[in-house]
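Input: a single structure, listed below in structure tokens.
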Amino acid sequence: MIMGLSLFLLFCVYGVVNTYLPVLLSTLGYTPALIGLLQGVFEGAGLLFPVFVSARVDRKGNYGQVMILLSLLMVLILPPLVYFRNFWLTALMLSLFALGYKGLVPVSDALVQRLLGEHKNNYGKIRVLGSIGFVCITLFLQFSGMVNPDSPFSIAVWVALPSLFFTLSVVSVPQLRRIYPTDTGVSASPSSGRRAAMKELPASFWAGIALLFMAFLGMTPSQRFLSLYVREYLGLESYAGLWALSAAAEVPFMFLSGLFIRRWGTQRIILLSLLAITMRNLVYAVFPSFGGAVAGQLFHSVCFGLLHPAAVVFISERASKKVMAIAISLYTSVSVGIASVIGNITGGLIIEFWGYRSLFVIFSLFPILGILLYYTARSPRVRSLLHRYRILV
């Protein structure tokens with residue numbers, strides 16, 4: 001698949017940022033509450049690109065050009081991000097960095113879906129190359145000692161390197177720089193394009209977005225505060241290795257996700273993942289040790305390895321190709337992005353006042369709430385009301 005190398009390198013970037021962003025902010029002198037707030041700003045700013053640009057990208061089909069611009073934006077923002085140690089300037093630089101960082105995934109996912117055509121269930125076989133890139137970079141950084149976690153400059157260098165290689169991978173493949181325009185039949189106005197897309201997406205799409213929101217809200221502690229938990233609470237420097245373990249655990253499940261999707265369907269997999277997220281959080285809370293962290297990271301196989309492909313296929317089943325990028329952007333911006341904004345800000349405050357174990361316990365409740373809401377909506381009485389108001393799950 002021509003997107004393989006690009007996805008590998010893109011998720012090398014994600015491996016460094018996921019692992020070291022909270023550590024970088026801690027090194028800059030921010031408290032857990034401020035780190036949570038800054039990460040919330042980061043996630044919030046990342047919502048802007050999908051919301052305002054995805055409809056235009058779908059219409060013009062210039063996926064490769066946009067990916068090149070976004071990756072270069074990340075590189076350009078890194079020097080001022082690590083140089084200035086003022087809260088407001090850090091928030092501004094993180095916001096600009098997030099436009100590139102968060103914008104790349106929906107654009108690349110939309111391009112993969114365009115390239116796959118009718119073989120949407122094979123998405124996991126392509127996306128798994130990103131997971132392999134994540135594993136490779138985190139293992140390399142854990143055991144090579146190339147990153148100094150006490151140096152923001154050192155962390156920035158290792159974000160910039162795979163970003164530049166990602167840019168080169170897109171530039172060097174003509175098929176990725178091709179224009180894939182879609183005759184959408186909508187106005188040239190981006191806002192009218194978004195409105196048309198919103199009307200086209202069925203009610204079941206929005207119900208799935210709500211369920212996925214609960215899933216990613218529940219994953220906030222393990223996805224945004226794991227490095228700080230391991231470094232500050234457990235007193236260990238093995239967080240990069242633990243990130244590599246979680247990504248490695250997701251690889252076989254993501255690769256085989258098409259088989260699971262065909263056998264169980266996307267909705268059942270999403271519900272299973274919600275239950276696994278709750279169990280994962282409770283493992284961290286009940287077993288606050290290196291062994292508990294290892295066990296928790298292994299849950300990533302289901303919590304993300306199955307969940308993410310199922311989510312993308314769920315969306316592709318309910319969105320036509322002319323609104324694919326905006327549909328995936330709604331998933332990344334609402335289910336992932338808004339959940340992360342709320343989770344980061346709330347999580348930082350919970351850590352500040354009640355500690356890490358409370359963080360995991362509290363966030364274990366959200367996936368269970370999602371499951372309860374799903375089965376409540378399936379009851380005959382509620383289903384009749386949903387039918388009446390055309391919001392059937």
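If you're wondering about the labels, chains in the structure tokens are A, B, ... by order shown, residues count from 1 in each chain, ligands from 1 in order shown.
Residues in contact with Leu234 in chain A at up to 8 Å, not including ones fewer than 2 positions away on its chain and judged by only C-alpha atoms, are Tyr229, Val230, Arg231, Glu232, Leu236, Pro288, Ser289 and Phe290 of chain A.
Near Arg85 in chain A, within 12 Å and counting only C-alpha atoms, sit Leu24, Leu25, Ser26, Thr27, Leu28, Gly29, Tyr30, Pro79, Pro80, Thr90, Ala91, Leu92, Met93 and Pro152 of chain A; same-chain residues fewer than 5 positions away were not included.
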Written file, previous selection with all heavy atoms, as a tab-separated table (two decimals), in the first residue's frame:
chain	number	residue	atom	x	y	z
A	24	LEU	N	7.65	17.07	28.61
A	24	LEU	CA	8.19	18.36	28.16
A	24	LEU	C	7.57	19.50	28.94
A	24	LEU	O	8.27	20.41	29.41
A	24	LEU	CB	7.93	18.52	26.66
A	24	LEU	CG	8.48	19.77	25.96
A	24	LEU	CD1	8.77	19.47	24.50
A	24	LEU	CD2	7.51	20.94	26.03
A	25	LEU	N	6.24	19.48	29.10
A	25	LEU	CA	5.56	20.55	29.84
A	25	LEU	C	5.97	20.56	31.30
A	25	LEU	O	6.12	21.63	31.91
A	25	LEU	CB	4.05	20.39	29.70
A	25	LEU	CG	3.50	20.56	28.28
A	25	LEU	CD1	2.01	20.26	28.23
A	25	LEU	CD2	3.77	21.96	27.76
A	26	SER	N	6.16	19.37	31.87
A	26	SER	CA	6.65	19.30	33.26
A	26	SER	C	8.05	19.88	33.37
A	26	SER	O	8.37	20.61	34.31
A	26	SER	CB	6.64	17.84	33.73
A	26	SER	OG	7.14	17.74	35.05
A	27	THR	N	8.90	19.60	32.39
A	27	THR	CA	10.26	20.13	32.37
A	27	THR	C	10.27	21.65	32.24
A	27	THR	O	11.16	22.33	32.76
A	27	THR	CB	11.07	19.50	31.22
A	27	THR	OG1	11.05	18.07	31.36
A	27	THR	CG2	12.51	19.97	31.23
A	28	LEU	N	9.26	22.19	31.55
A	28	LEU	CA	9.15	23.64	31.43
A	28	LEU	C	8.66	24.30	32.71
A	28	LEU	O	8.60	25.52	32.79
A	28	LEU	CB	8.21	23.99	30.28
A	28	LEU	CG	8.72	23.68	28.86
A	28	LEU	CD1	7.64	23.98	27.82
A	28	LEU	CD2	9.98	24.47	28.55
A	29	GLY	N	8.30	23.47	33.70
A	29	GLY	CA	7.98	24.00	35.02
A	29	GLY	C	6.50	24.07	35.35
A	29	GLY	O	6.13	24.68	36.37
A	30	TYR	N	5.63	23.42	34.59
A	30	TYR	CA	4.20	23.50	34.84
A	30	TYR	C	3.73	22.39	35.79
A	30	TYR	O	4.26	21.27	35.77
A	30	TYR	CB	3.44	23.42	33.52
A	30	TYR	CG	3.74	24.57	32.58
A	30	TYR	CD1	4.46	24.37	31.40
A	30	TYR	CD2	3.36	25.87	32.89
A	30	TYR	CE1	4.76	25.43	30.55
A	30	TYR	CE2	3.66	26.93	32.05
A	30	TYR	CZ	4.36	26.71	30.89
A	30	TYR	OH	4.67	27.75	30.06
A	79	PRO	N	10.70	25.24	17.63
A	79	PRO	CA	11.68	26.10	18.34
A	79	PRO	C	11.05	27.09	19.32
A	79	PRO	O	11.46	27.13	20.49
A	79	PRO	CB	12.40	26.81	17.18
A	79	PRO	CG	12.28	25.86	16.04
A	79	PRO	CD	10.92	25.25	16.17
A	80	PRO	N	10.04	27.88	18.91
A	80	PRO	CA	9.44	28.78	19.91
A	80	PRO	C	8.70	28.04	21.02
A	80	PRO	O	8.62	28.54	22.15
A	80	PRO	CB	8.48	29.66	19.09
A	80	PRO	CG	8.23	28.91	17.82
A	80	PRO	CD	9.47	28.14	17.56
A	90	THR	N	3.25	29.46	25.57
A	90	THR	CA	3.23	28.00	25.41
A	90	THR	C	1.88	27.54	24.87
A	90	THR	O	1.81	26.69	23.98
A	90	THR	CB	3.52	27.30	26.74
A	90	THR	OG1	4.81	27.70	27.22
A	90	THR	CG2	3.50	25.79	26.58
A	91	ALA	N	0.79	28.12	25.41
A	91	ALA	CA	-0.55	27.76	24.94
A	91	ALA	C	-0.72	28.12	23.46
A	91	ALA	O	-1.29	27.33	22.68
A	91	ALA	CB	-1.60	28.48	25.78
A	92	LEU	N	-0.20	29.29	23.05
A	92	LEU	CA	-0.30	29.70	21.65
A	92	LEU	C	0.48	28.76	20.74
A	92	LEU	O	-0.02	28.32	19.69
A	92	LEU	CB	0.21	31.14	21.49
A	92	LEU	CG	0.26	31.67	20.05
A	92	LEU	CD1	-1.12	31.69	19.43
A	92	LEU	CD2	0.89	33.06	20.03
A	93	MET	N	1.71	28.43	21.13
A	93	MET	CA	2.53	27.55	20.30
A	93	MET	C	1.94	26.15	20.22
A	93	MET	O	1.93	25.52	19.16
A	93	MET	CB	3.96	27.49	20.85
A	93	MET	CG	4.76	28.79	20.76
A	93	MET	SD	4.89	29.42	19.07
A	93	MET	CE	3.77	30.81	19.15
A	152	PRO	N	13.81	20.04	26.98
A	152	PRO	CA	12.77	20.27	25.97
A	152	PRO	C	13.33	20.29	24.54
A	152	PRO	O	12.68	19.82	23.61
A	152	PRO	CB	12.20	21.64	26.35
A	152	PRO	CG	12.51	21.79	27.80
A	152	PRO	CD	13.83	21.09	28.01
Point to revise | Separation of CA of Thr346 in chain A from CA of Leu373 in chain A in Å | key: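 Distance reported for this atom pair: 22.1 Å.
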Check your understanding: Restricting the calculation to only C-alpha atoms, which member of A:Gln142, A:Ser151, A:Thr167, A:Ser340 is positioned closest to Ala240 in chain A?
Key -> A:Gln142
Exercise for review: Can you work out the spacing between CA of Trp264 in chain A and CA of Ser204 in chain A in Å, to one decimal?
Suggested key: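 Spanning CA of Trp264 in chain A to CA of Ser204 in chain A is a straight-line distance of 17.6 Å.
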Point to revise | Test item: residues at most 6 Å from Glu43 in chain A, only C-alpha atoms, excluding those fewer than 3 positions along its chain, as number ranges by chain | key: A: 40, 46, 337, 341
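Here CA of Ile35 in chain A is placed at a distance of 17.9 Å from CA of Phe153 in chain A.
With only C-alpha atoms taken into account, the protein and nucleic acid residues at most 9 Å from Asn18 in chain A (excluding it and anything under 5 positions from it in its own chain) are Val13, Gln223, Arg224, Ser227 and Trp243 of chain A.
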Can I get the selection written as an mmCIF file, in the first residue's frame, with C-alpha atoms?
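The result, written out as out26.cif:
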data_model
loop_
_atom_site.group_PDB
_atom_site.id
_atom_site.type_symbol
_atom_site.label_atom_id
_atom_site.label_comp_id
_atom_site.auth_asym_id
_atom_site.auth_seq_id
_atom_site.Cartn_x
_atom_site.Cartn_y
_atom_site.Cartn_z
ATOM 1 C CA VAL A 13 5.668 11.513 15.378
ATOM 2 C CA GLN A 223 -3.512 8.246 26.740
ATOM 3 C CA ARG A 224 -2.603 11.634 28.211
ATOM 4 C CA SER A 227 4.034 9.222 31.276
ATOM 5 C CA TRP A 243 3.997 3.135 25.403
#
**Study point:** All residues 10 Å or closer to Phe225 in chain A, only C-alpha atoms, same chain fewer than 6 positions away omitted, as a PyMOL selection string
**Key:** chain A and resi 18-19+21-23+32+35-36+39+219+344+347-348+351+356+359
Where does range 238-280 of chain A meet range 137-141 of chain A within 12 Å, residue by residue, with the nearest atom pair and distance in Å to one decimal for each, counting only C-alpha atoms, listed by chain and rising number, as CSV?
residue,atom,partner,partner_atom,distance
A:Ser238,CA,A:Leu139,CA,10.1
A:Tyr239,CA,A:Thr138,CA,9.0
A:Ala240,CA,A:Thr138,CA,5.3
A:Gly241,CA,A:Leu139,CA,5.6
A:Leu242,CA,A:Thr138,CA,8.6
A:Trp243,CA,A:Thr138,CA,6.7
A:Ala244,CA,A:Thr138,CA,5.3
A:Leu245,CA,A:Leu139,CA,8.5
A:Ser246,CA,A:Thr138,CA,10.4
A:Ala247,CA,A:Thr138,CA,9.1
A:Ala248,CA,A:Leu139,CA,10.0
Check your understanding: What's the 6 Å shell around Phe134 in chain A, counting only C-alpha atoms, without same-chain residues fewer than 4 positions away, as number ranges by chain?
Key -> A: 11-12, 15
Residues as selected, N, CA, C and O atoms, written as a PDB file, in the first residue's frame, can you do that?
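This went into selection_21.pdb:
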ATOM      1  N   PHE A  11       3.053   8.071  12.572  1.00  0.00           N
ATOM      2  CA  PHE A  11       2.840   7.595  13.940  1.00  0.00           C
ATOM      3  C   PHE A  11       4.145   7.462  14.720  1.00  0.00           C
ATOM      4  O   PHE A  11       4.119   7.262  15.932  1.00  0.00           O
ATOM      5  N   CYS A  12       5.275   7.600  14.045  1.00  0.00           N
ATOM      6  CA  CYS A  12       6.516   7.846  14.779  1.00  0.00           C
ATOM      7  C   CYS A  12       6.428   9.203  15.483  1.00  0.00           C
ATOM      8  O   CYS A  12       6.841   9.351  16.639  1.00  0.00           O
ATOM      9  N   GLY A  15       4.208   8.779  18.377  1.00  0.00           N
ATOM     10  CA  GLY A  15       4.876   8.067  19.458  1.00  0.00           C
ATOM     11  C   GLY A  15       5.684   9.002  20.343  1.00  0.00           C
ATOM     12  O   GLY A  15       5.646   8.908  21.584  1.00  0.00           O
TER      13      GLY A  15
END
Which residues of range 235-292 of chain A come within 7 Å of range 304-316 of chain A, and what is each one's closest atom pair and distance in Å (one decimal), counting only C-alpha atoms, sorted by chain and residue number, as a tab-separated table?
residue	atom	partner	partner_atom	distance
A:Glu250	CA	A:Gly305	CA	4.2
A:Val251	CA	A:Gly305	CA	6.6
A:Phe253	CA	A:Gly305	CA	5.3
A:Met254	CA	A:Gly305	CA	4.7
A:Ser257	CA	A:Leu306	CA	5.9
A:Ile261	CA	A:Ala310	CA	6.6
A:Thr266	CA	A:Ala310	CA	5.1
A:Ile269	CA	A:Leu307	CA	6.6
A:Ile270	CA	A:Leu307	CA	5.7
A:Ser273	CA	A:Leu307	CA	5.9
Selection from above, all heavy atoms, as a PDB file, in the first residue's frame, can you write it?
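After the write, part.pdb holds the following:
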ATOM      1  N   GLU A 250      -1.498  -3.639  20.316  1.00  0.00           N
ATOM      2  CA  GLU A 250      -2.589  -3.332  19.397  1.00  0.00           C
ATOM      3  C   GLU A 250      -2.341  -3.868  17.984  1.00  0.00           C
ATOM      4  O   GLU A 250      -3.279  -4.044  17.213  1.00  0.00           O
ATOM      5  CB  GLU A 250      -2.824  -1.823  19.333  1.00  0.00           C
ATOM      6  CG  GLU A 250      -1.904  -1.083  18.391  1.00  0.00           C
ATOM      7  CD  GLU A 250      -2.102   0.420  18.409  1.00  0.00           C
ATOM      8  OE1 GLU A 250      -2.444   0.970  19.463  1.00  0.00           O
ATOM      9  OE2 GLU A 250      -1.879   1.041  17.360  1.00  0.00           O
ATOM     10  N   VAL A 251      -1.058  -4.135  17.654  1.00  0.00           N
ATOM     11  CA  VAL A 251      -0.706  -4.483  16.272  1.00  0.00           C
ATOM     12  C   VAL A 251      -1.465  -5.698  15.747  1.00  0.00           C
ATOM     13  O   VAL A 251      -2.126  -5.622  14.706  1.00  0.00           O
ATOM     14  CB  VAL A 251       0.821  -4.667  16.124  1.00  0.00           C
ATOM     15  CG1 VAL A 251       1.158  -5.352  14.807  1.00  0.00           C
ATOM     16  CG2 VAL A 251       1.537  -3.323  16.217  1.00  0.00           C
ATOM     17  N   PHE A 253      -4.183  -7.149  16.779  1.00  0.00           N
ATOM     18  CA  PHE A 253      -5.633  -6.942  16.786  1.00  0.00           C
ATOM     19  C   PHE A 253      -6.047  -5.988  15.674  1.00  0.00           C
ATOM     20  O   PHE A 253      -7.089  -6.172  15.046  1.00  0.00           O
ATOM     21  CB  PHE A 253      -6.080  -6.411  18.150  1.00  0.00           C
ATOM     22  CG  PHE A 253      -6.109  -7.457  19.222  1.00  0.00           C
ATOM     23  CD1 PHE A 253      -4.947  -7.865  19.854  1.00  0.00           C
ATOM     24  CD2 PHE A 253      -7.307  -8.052  19.580  1.00  0.00           C
ATOM     25  CE1 PHE A 253      -4.968  -8.841  20.838  1.00  0.00           C
ATOM     26  CE2 PHE A 253      -7.345  -9.031  20.556  1.00  0.00           C
ATOM     27  CZ  PHE A 253      -6.174  -9.432  21.178  1.00  0.00           C
ATOM     28  N   MET A 254      -5.228  -4.968  15.440  1.00  0.00           N
ATOM     29  CA  MET A 254      -5.551  -4.042  14.364  1.00  0.00           C
ATOM     30  C   MET A 254      -5.414  -4.722  13.005  1.00  0.00           C
ATOM     31  O   MET A 254      -6.237  -4.533  12.117  1.00  0.00           O
ATOM     32  CB  MET A 254      -4.647  -2.807  14.452  1.00  0.00           C
ATOM     33  CG  MET A 254      -5.040  -1.707  13.482  1.00  0.00           C
ATOM     34  SD  MET A 254      -4.202  -0.151  13.840  1.00  0.00           S
ATOM     35  CE  MET A 254      -5.041   0.376  15.323  1.00  0.00           C
ATOM     36  N   SER A 257      -8.344  -6.885  12.498  1.00  0.00           N
ATOM     37  CA  SER A 257      -9.614  -6.236  12.837  1.00  0.00           C
ATOM     38  C   SER A 257     -10.695  -6.510  11.793  1.00  0.00           C
ATOM     39  O   SER A 257     -11.878  -6.598  12.134  1.00  0.00           O
ATOM     40  CB  SER A 257      -9.404  -4.728  12.999  1.00  0.00           C
ATOM     41  OG  SER A 257      -8.898  -4.156  11.799  1.00  0.00           O
ATOM     42  N   ILE A 261     -14.438  -7.556  12.623  1.00  0.00           N
ATOM     43  CA  ILE A 261     -15.552  -6.712  12.175  1.00  0.00           C
ATOM     44  C   ILE A 261     -16.556  -7.520  11.375  1.00  0.00           C
ATOM     45  O   ILE A 261     -17.772  -7.395  11.555  1.00  0.00           O
ATOM     46  CB  ILE A 261     -15.009  -5.512  11.366  1.00  0.00           C
ATOM     47  CG1 ILE A 261     -14.259  -4.549  12.298  1.00  0.00           C
ATOM     48  CG2 ILE A 261     -16.145  -4.778  10.654  1.00  0.00           C
ATOM     49  CD1 ILE A 261     -13.466  -3.478  11.570  1.00  0.00           C
ATOM     50  N   THR A 266     -19.398  -3.780  13.833  1.00  0.00           N
ATOM     51  CA  THR A 266     -18.709  -2.656  14.473  1.00  0.00           C
ATOM     52  C   THR A 266     -19.319  -2.286  15.824  1.00  0.00           C
ATOM     53  O   THR A 266     -18.603  -1.923  16.755  1.00  0.00           O
ATOM     54  CB  THR A 266     -18.726  -1.432  13.551  1.00  0.00           C
ATOM     55  OG1 THR A 266     -20.074  -1.155  13.146  1.00  0.00           O
ATOM     56  CG2 THR A 266     -17.890  -1.678  12.310  1.00  0.00           C
ATOM     57  N   ILE A 269     -18.101  -4.551  18.706  1.00  0.00           N
ATOM     58  CA  ILE A 269     -16.695  -4.296  19.024  1.00  0.00           C
ATOM     59  C   ILE A 269     -16.557  -3.008  19.819  1.00  0.00           C
ATOM     60  O   ILE A 269     -15.770  -2.925  20.773  1.00  0.00           O
ATOM     61  CB  ILE A 269     -15.857  -4.248  17.735  1.00  0.00           C
ATOM     62  CG1 ILE A 269     -15.770  -5.646  17.126  1.00  0.00           C
ATOM     63  CG2 ILE A 269     -14.456  -3.696  18.010  1.00  0.00           C
ATOM     64  CD1 ILE A 269     -15.053  -5.706  15.806  1.00  0.00           C
ATOM     65  N   ILE A 270     -17.310  -1.982  19.465  1.00  0.00           N
ATOM     66  CA  ILE A 270     -17.255  -0.725  20.218  1.00  0.00           C
ATOM     67  C   ILE A 270     -17.707  -0.945  21.659  1.00  0.00           C
ATOM     68  O   ILE A 270     -17.092  -0.438  22.610  1.00  0.00           O
ATOM     69  CB  ILE A 270     -18.111   0.350  19.515  1.00  0.00           C
ATOM     70  CG1 ILE A 270     -17.443   0.756  18.189  1.00  0.00           C
ATOM     71  CG2 ILE A 270     -18.283   1.584  20.416  1.00  0.00           C
ATOM     72  CD1 ILE A 270     -18.293   1.647  17.313  1.00  0.00           C
ATOM     73  N   SER A 273     -15.020  -2.742  23.576  1.00  0.00           N
ATOM     74  CA  SER A 273     -13.919  -1.833  23.869  1.00  0.00           C
ATOM     75  C   SER A 273     -14.259  -0.922  25.034  1.00  0.00           C
ATOM     76  O   SER A 273     -13.394  -0.613  25.869  1.00  0.00           O
ATOM     77  CB  SER A 273     -13.588  -0.999  22.628  1.00  0.00           C
ATOM     78  OG  SER A 273     -13.171  -1.822  21.558  1.00  0.00           O
TER      79      SER A 273
END
Review point. Range 185-360 of chain A: which residues are alpha helix (DSSP H) by DSSP, as a PyMOL selection string?
Key: chain A and resi 190-200+203-218+220-224+226-228+239-255+257-264+266-286+290-298+300-303+307-318+324-330+339-354+356-360
Point to revise | Counting only C-alpha atoms, the residue of A:Ser364, A:Asn148, A:Gln297, A:Asn62 that sits nearest Thr220 in chain A | key: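 With only C-alpha atoms as the atom set, the closest residue is A:Ser364.
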Check your understanding: Given the choices A:Leu99, A:Ala319, A:Leu34, A:Ala210, which gets closest to Leu73 in chain A if the distance is worked out from only C-alpha atoms?
Key ->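 Among the listed residues, the smallest separation from Leu73 in chain A belongs to A:Leu99.
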